[in-house]
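Here the structure comes first, spelled out in structure tokens, and everything after it is commentary.
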Amino acid sequence: MSRLSKSQFMRGLQCHKSLWLYWNKYNQRTQPNKAQEAIFDTGTEVGILAQHLFPDGHEIVYSSDKVEENIAKTKKLIESGTKTIYEAMFIYDNILVMVDILHKGKDGWEIYEVKSSSAEKPAYKNDISVQYFVLNGNGLNISVAALVHINTEYERRGELDIKQLFTIKDLTDTVIENQPFVNEQLLLQKEMLGKDEPQIDIGIHCFKPYGCDFKEYCWKHIPDYSVFDINNLGWERRFELYQKGVLKLEDIPSDFHLSDAQQLQVDCELNMKDFINRDGIKKFIEQLEEPIGLLDFETFQQAVPSFDGQKPYKQIPSQYSLHILNGDKLDHFEFLGEPGKDPREELADSMIEDTKNCKTILVYNIGFERTIIKKLAEQFPDKADALQSIIDRLIDMIIPFRSKDYYTKEMRGSYSIKLVLPALVPELSYNGLNISDGGAAMNIYAKLQTMTDTEEIEKIKADLLKYCELDTYAMVKILEKMKEVV
Ligand code: SF4
């Protein structure tokens, strides 16, 4: 039998079929997208930084064709009295693991598993437990098995304080208690891998604890528009329908409770109808006063803060686009922070100036913009009044769509601008843009902070500006459409 790695063991814990497919139908996997790659990159960056918690260690550099060599090297380092090893590699009972940080403490060996997340997650217990299992099998006396994760309370002031950036959580007792479970699961996984493809149906396990990359393979039988697309219906309830054999909207039993909005979604789809409450839309439009600003922010977040006053994973505004509509006149303003420089103060100044004549400022989903502006006001008290004045002029464009005063079946129950726009203005699309969603914009801007290729930086900046501009231009077009229908 081939070796099982720690990540494969974790995959098998989530779903046996996923592990089986990984071994036997590897090519059916969906490749990671840019957002997932960015998460991996963050993990690598955080892993390297955490090594400074135990400095002067010896690193084993991973290479898939040097497994035997690396296992032997780890053994040799231990025998020669090395106190700290990064990415130490061990094998036991055909299970291969790498330990992020292995440190010789006063009572024995200490295992530190580094995660870039902001808190402990239930899956980490098994991750560390399998490492303990293998190291224990190698005869190492393990005194500590711990998790190292990001401390979100840390606020950077000057040089990065590595000790403050991380939280160390001792999980030794839990990991020891968990050993029989690991042993049992390993046996089950090995047995399963010797058989045919497991017959496991789709379920919540396809998303928990991680999104499975074999979803395309297993979810082929789900129609393009199904009960899984009913907006805001919990996964348990979606699977309740699925387990009754209900896949299509038309097959939902009449006694299955849906909210009014969900029922509207189903009815509009089945009857091929739209729902437009002209009075509601009119009332919304009547409160808008020209010049109307249509504003949208992009933000970014970092596990490791780059700037003073920044906390891990706290959203920082990096760019905005503003269209100003006054009669037939439409102007555009924009701001994009320079990579490597804290964008907040310049962004606040620029936004205060650009919005000063707007009587109404339309945003799409007010909670986000209001929170960002409030944070800026707290950070720059001398600008608090001007920023509060922006907040006072904000109106949420989502209202007519969330309240379903304006609903078309193409919105598929959602009021996100990403569905409202193609439903109302199909000729305008994010397709063809190099950056086409907020998540990608956020990750790419975070990456810009460490890039050095000026040509590439300029190209990305142009893509970011184009994307954000389209967001507010989309709002202009949606507003036009709303005026048209009333
Ligand atoms: S998509 Fe779901 S059922 Fe299929 S392998 Fe993944 S977790 Fe298992």
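By convention here, the chains of the structure tokens are called A, B, ... in the order presented, each chain's residues are numbered starting at 1, and ligands are numbered starting at 1 in the order presented.
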*Could you give me, as a ChimeraX atom specification, every polymer residue with an atom at most 12 Å away from an atom of ligand 1, counting only C-alpha atoms and all ligand atoms?*
/A:10-26,28-30,197-222
*asked:* At a cut-off of 12 Å, using only C-alpha atoms, what residues contact A:His52? Leave out same-chain residues fewer than 5 positions from it and give the result as JSON, numbers by chain.
replied: {"A": [45, 46, 47, 57, 58, 84, 85, 86, 100, 101, 114, 160, 161, 162, 163, 164, 165, 166]}
Atoms kept (N, CA and C atoms) for selection, written as an mmCIF file, in the first residue's frame:
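To be explicit, this is the file written out as again09.cif:
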```
data_model
loop_
_atom_site.group_PDB
_atom_site.id
_atom_site.type_symbol
_atom_site.label_atom_id
_atom_site.label_comp_id
_atom_site.auth_asym_id
_atom_site.auth_seq_id
_atom_site.Cartn_x
_atom_site.Cartn_y
_atom_site.Cartn_z
ATOM 1 N N GLU A 45 3.426 32.127 4.210
ATOM 2 C CA GLU A 45 4.051 33.323 4.807
ATOM 3 C C GLU A 45 3.985 33.257 6.335
ATOM 4 N N VAL A 46 2.815 32.874 6.846
ATOM 5 C CA VAL A 46 2.620 32.805 8.298
ATOM 6 C C VAL A 46 3.502 31.702 8.901
ATOM 7 N N GLY A 47 3.594 30.568 8.192
ATOM 8 C CA GLY A 47 4.419 29.455 8.667
ATOM 9 C C GLY A 47 5.870 29.879 8.834
ATOM 10 N N GLY A 57 16.499 27.371 14.062
ATOM 11 C CA GLY A 57 16.222 25.959 13.800
ATOM 12 C C GLY A 57 16.804 25.533 12.463
ATOM 13 N N HIS A 58 16.695 24.247 12.194
ATOM 14 C CA HIS A 58 17.182 23.690 10.928
ATOM 15 C C HIS A 58 15.963 23.348 10.075
ATOM 16 N N THR A 84 15.835 22.543 17.348
ATOM 17 C CA THR A 84 14.621 22.971 16.650
ATOM 18 C C THR A 84 14.717 22.591 15.175
ATOM 19 N N ILE A 85 13.664 21.953 14.683
ATOM 20 C CA ILE A 85 13.625 21.569 13.260
ATOM 21 C C ILE A 85 12.307 22.081 12.671
ATOM 22 N N TYR A 86 12.407 22.755 11.529
ATOM 23 C CA TYR A 86 11.197 23.201 10.828
ATOM 24 C C TYR A 86 10.896 22.186 9.731
ATOM 25 N N ASP A 100 5.406 21.381 11.485
ATOM 26 C CA ASP A 100 5.817 22.764 11.174
ATOM 27 C C ASP A 100 7.029 23.156 12.015
ATOM 28 N N ILE A 101 6.877 23.006 13.339
ATOM 29 C CA ILE A 101 8.003 23.326 14.224
ATOM 30 C C ILE A 101 8.121 22.196 15.249
ATOM 31 N N VAL A 114 1.329 25.244 12.849
ATOM 32 C CA VAL A 114 1.043 26.663 12.601
ATOM 33 C C VAL A 114 -0.108 26.801 11.610
ATOM 34 N N LEU A 160 7.300 44.518 13.510
ATOM 35 C CA LEU A 160 6.383 43.413 13.782
ATOM 36 C C LEU A 160 6.816 42.676 15.055
ATOM 37 N N ASP A 161 5.867 42.479 15.978
ATOM 38 C CA ASP A 161 6.181 41.769 17.211
ATOM 39 C C ASP A 161 5.683 40.324 17.049
ATOM 40 N N ILE A 162 6.600 39.431 16.714
ATOM 41 C CA ILE A 162 6.220 38.057 16.381
ATOM 42 C C ILE A 162 5.507 37.375 17.559
ATOM 43 N N LYS A 163 5.993 37.640 18.780
ATOM 44 C CA LYS A 163 5.384 36.967 19.942
ATOM 45 C C LYS A 163 3.931 37.396 20.121
ATOM 46 N N GLN A 164 3.672 38.678 19.848
ATOM 47 C CA GLN A 164 2.304 39.196 19.991
ATOM 48 C C GLN A 164 1.414 38.769 18.818
ATOM 49 N N LEU A 165 2.023 38.564 17.672
ATOM 50 C CA LEU A 165 1.247 38.226 16.472
ATOM 51 C C LEU A 165 0.602 36.839 16.589
ATOM 52 N N PHE A 166 1.235 35.972 17.373
ATOM 53 C CA PHE A 166 0.734 34.597 17.454
ATOM 54 C C PHE A 166 0.168 34.255 18.832
#
```
*Determine, counting only C-alpha atoms, which protein, DNA and RNA residues have an atom within 8 Å of an atom of A:Leu96; residues of the same chain fewer than 6 positions away are not included. Present the result as a VMD selection string.*
chain A and resid 3 to 6 89 to 90 134
*Determine, counting only C-alpha atoms, which protein, DNA and RNA residues have an atom within 8 Å of an atom of A:Val99; residues of the same chain fewer than 2 positions away are not included. Present the result as a ChimeraX atom specification.*
/A:86-89,97,101-102,111-113,131
Selection from above, C-alpha atoms, as an mmCIF file, in the first residue's frame, can you write it?
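Wrote again-v6.cif, looks like this:
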```
data_model
loop_
_atom_site.group_PDB
_atom_site.id
_atom_site.type_symbol
_atom_site.label_atom_id
_atom_site.label_comp_id
_atom_site.auth_asym_id
_atom_site.auth_seq_id
_atom_site.Cartn_x
_atom_site.Cartn_y
_atom_site.Cartn_z
ATOM 1 C CA TYR A 86 11.197 23.201 10.828
ATOM 2 C CA GLU A 87 9.162 20.893 8.563
ATOM 3 C CA ALA A 88 10.587 17.792 10.254
ATOM 4 C CA MET A 89 9.456 14.687 8.334
ATOM 5 C CA VAL A 97 3.708 13.737 8.370
ATOM 6 C CA ILE A 101 8.003 23.326 14.224
ATOM 7 C CA LEU A 102 9.568 20.552 16.299
ATOM 8 C CA ILE A 111 5.075 19.816 18.279
ATOM 9 C CA TYR A 112 3.787 23.173 17.008
ATOM 10 C CA GLU A 113 1.281 23.188 14.172
ATOM 11 C CA GLN A 131 1.325 14.059 13.935
#
```
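The spacing separating atom CA of A:Ile373 from atom CA of A:Gln301 amounts to 15.8 Å.
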*Quick one: DSSP strand (DSSP E or B) residues in stretch 176-317 of chain A, as number ranges by chain?*
A: 275-276, 292-300, 316-317
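Rounded to one decimal, atom CA of A:Asp437 and atom CA of A:Ile281 lie 27.1 Å from each other.
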_Test item: residues at most 9 Å from A:Asn141, only C-alpha atoms, excluding those fewer than 6 positions along its chain, as a ChimeraX atom specification_ = /A:107-110,135
With N, CA and C atoms retained, export the selected residues as a compact mmCIF listing (two decimals), in the first residue's frame.
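Produced file result_14.txt, reproduced below:
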```txt
# COMPACT_ATOMS: atom_id res chain seq x y z
N ASP A 107 11.11 19.07 28.93
CA ASP A 107 10.49 17.79 29.29
C ASP A 107 10.36 16.81 28.12
N GLY A 108 10.76 17.24 26.94
CA GLY A 108 10.64 16.34 25.79
C GLY A 108 10.43 17.14 24.52
N TRP A 109 10.02 16.44 23.45
CA TRP A 109 9.81 17.13 22.17
C TRP A 109 8.45 17.85 22.15
N GLU A 110 8.46 19.02 21.52
CA GLU A 110 7.23 19.81 21.43
C GLU A 110 6.86 19.96 19.95
N LEU A 135 4.80 10.54 15.43
CA LEU A 135 6.04 10.82 16.18
C LEU A 135 6.17 9.87 17.37
```
_All residues 6 Å or closer to A:Asp274, only C-alpha atoms, same chain fewer than 3 positions away omitted, as a PyMOL selection string_ = chain A and resi 268+407-409
Set the distance at 7 Å and use only C-alpha atoms: which residues neighbour A:Phe307 once local chain neighbours fewer than 2 positions away are removed? I'd like the list as a compact mmCIF listing (two decimals) with C-alpha atoms, in the first residue's frame.
```txt
# COMPACT_ATOMS: atom_id res chain seq x y z
CA ARG A 156 1.03 46.62 14.86
CA PRO A 305 -0.34 43.58 9.34
CA GLY A 309 -2.55 50.68 13.70
CA GLN A 310 -3.48 47.63 11.62
CA ASP A 342 -1.09 52.76 4.29
```
